[in-house]
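Below: the structure, in structure tokens.
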Amino acid sequence: MTEVIDRKHAAANPGGDDPRAAVAVYYDGACPVCRREIGWYTAMRGAAGIRWIDVADPAAPLPDGLDREALLRRFTVRRRDGETATGAAGFSALWRALGPTRALGVVTDRQPFRLVGEGLYRFFLRVRALWR
């Protein structure tokens, strides 16, 4: 199930354009695995239209209604429709926004893949805690 944590269209917008027009990815740049994976995504077709925000950077602009700690705890993506998805649902939203992974995003946003994906993501969070 997609976890919606913010329905507002407000988000950090360093470029001055409408923040609702782009997908925004909030990730933990202090996590070496997270940073490497984001580097892989940013090289993909379609990545230029996504706003990549490293929330580990204290100067990073944050969306209204969410604090830095909440964004550091779970991978978060604000979709074009303004809804915010976290964890495995966030990855599905990101994959839908990128050309090469669009089909993967569609498939993983359905059961039973959604449930399995969230279980795997929660396992990753436990392992990730050991790296901090």
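If you're wondering about the labels, chains in the structure tokens are A, B, ... by order shown, residues count from 1 in each chain, ligands from 1 in order shown.
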Problem set entry | Spatial neighbours of range 36-43 of chain A, 9 Å, only C-alpha atoms, chain gap at least 5 places, as a list in words |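 Contacts, with the query itself left out: Tyr27, Gly29, Cys31, Ala48, Ile50, Trp52, Leu94, Trp95 and Leu98 of chain A.
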Just the selected residues (N, CA and C atoms), exported as a compact mmCIF listing (two decimals), in the first residue's frame, please.
# COMPACT_ATOMS: atom_id res chain seq x y z
N TYR A 27 16.41 11.83 -0.46
CA TYR A 27 17.23 10.68 -0.12
C TYR A 27 18.30 11.06 0.89
N GLY A 29 21.87 11.26 1.59
CA GLY A 29 23.17 11.30 0.95
C GLY A 29 24.31 10.89 1.86
N CYS A 31 24.22 8.08 3.51
CA CYS A 31 24.23 6.62 3.41
C CYS A 31 24.97 6.23 2.13
N ALA A 48 16.79 14.00 -15.60
CA ALA A 48 16.93 15.45 -15.61
C ALA A 48 15.64 16.15 -15.19
N ILE A 50 13.70 15.18 -12.80
CA ILE A 50 13.43 14.85 -11.41
C ILE A 50 14.27 15.75 -10.52
N TRP A 52 16.35 16.02 -7.29
CA TRP A 52 17.08 15.13 -6.39
C TRP A 52 17.52 15.94 -5.19
N LEU A 94 9.43 6.35 -8.15
CA LEU A 94 10.64 6.78 -8.86
C LEU A 94 10.81 5.99 -10.14
N TRP A 95 10.66 4.68 -10.08
CA TRP A 95 10.84 3.85 -11.27
C TRP A 95 9.85 4.22 -12.36
N LEU A 98 11.13 7.25 -14.41
CA LEU A 98 12.32 7.08 -15.24
C LEU A 98 12.01 6.17 -16.42
Problem set entry | Residues within 8 Å of range 68-73 of chain A, only C-alpha atoms, excluding chain neighbours under 4 positions, as a ChimeraX atom specification | /A:26-28,55-56,62
For this session: Rounded to one decimal place, report the CA of Pro63 in chain A-CA of Gly49 in chain A distance in Å.
Result: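 We find that CA of Pro63 in chain A and CA of Gly49 in chain A lie 17.8 Å from each other.
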For this session: Write out as a PyMOL selection string all residues of chain A that backbone DSSP assigns to helix (DSSP H, G or I).
Result: chain A and resi 19-21+32-42+47-49+68-73+87-97+99-108+113-131
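Look at Thr108 in chain A: the protein and nucleic acid residues within 9 Å of it, using only C-alpha atoms and passing over chain neighbours fewer than 5 places away, are Ala88, Ala89, Phe91, Ser92, Ala103, Phe113, Arg114, Leu115, Val116 and Gly117 of chain A.
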Exercise. So which one's closest to Leu125 in chain A, A:Arg74, A:Arg35, A:Arg80, A:Arg96? Using only C-alpha atoms, please.
Worked result: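 Comparing A:Arg74, A:Arg35, A:Arg80, A:Arg96 against Leu125 in chain A, the winner is A:Arg74.
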Exercise. Quick one: distance from CA of Leu66 in chain A to CA of Ala85 in chain A in Å, one decimal?
Worked result: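 We find that CA of Leu66 in chain A and CA of Ala85 in chain A lie 12.5 Å from each other.
Relative to CA of Thr76 in chain A, CA of Pro100 in chain A is found at 20.0 Å.
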For this session: Determine which residues of range 27-87 of chain A DSSP labels as strand (DSSP E or B) from the backbone of this structure, then write them out as a list in words.
Result: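 For range 27-87 of chain A, the strand (DSSP E or B) set is Tyr27, Ile50, Arg51, Trp52, Ile53, Asp54, Thr76, Val77, Arg78, Thr84, Ala85 and Thr86 of chain A.
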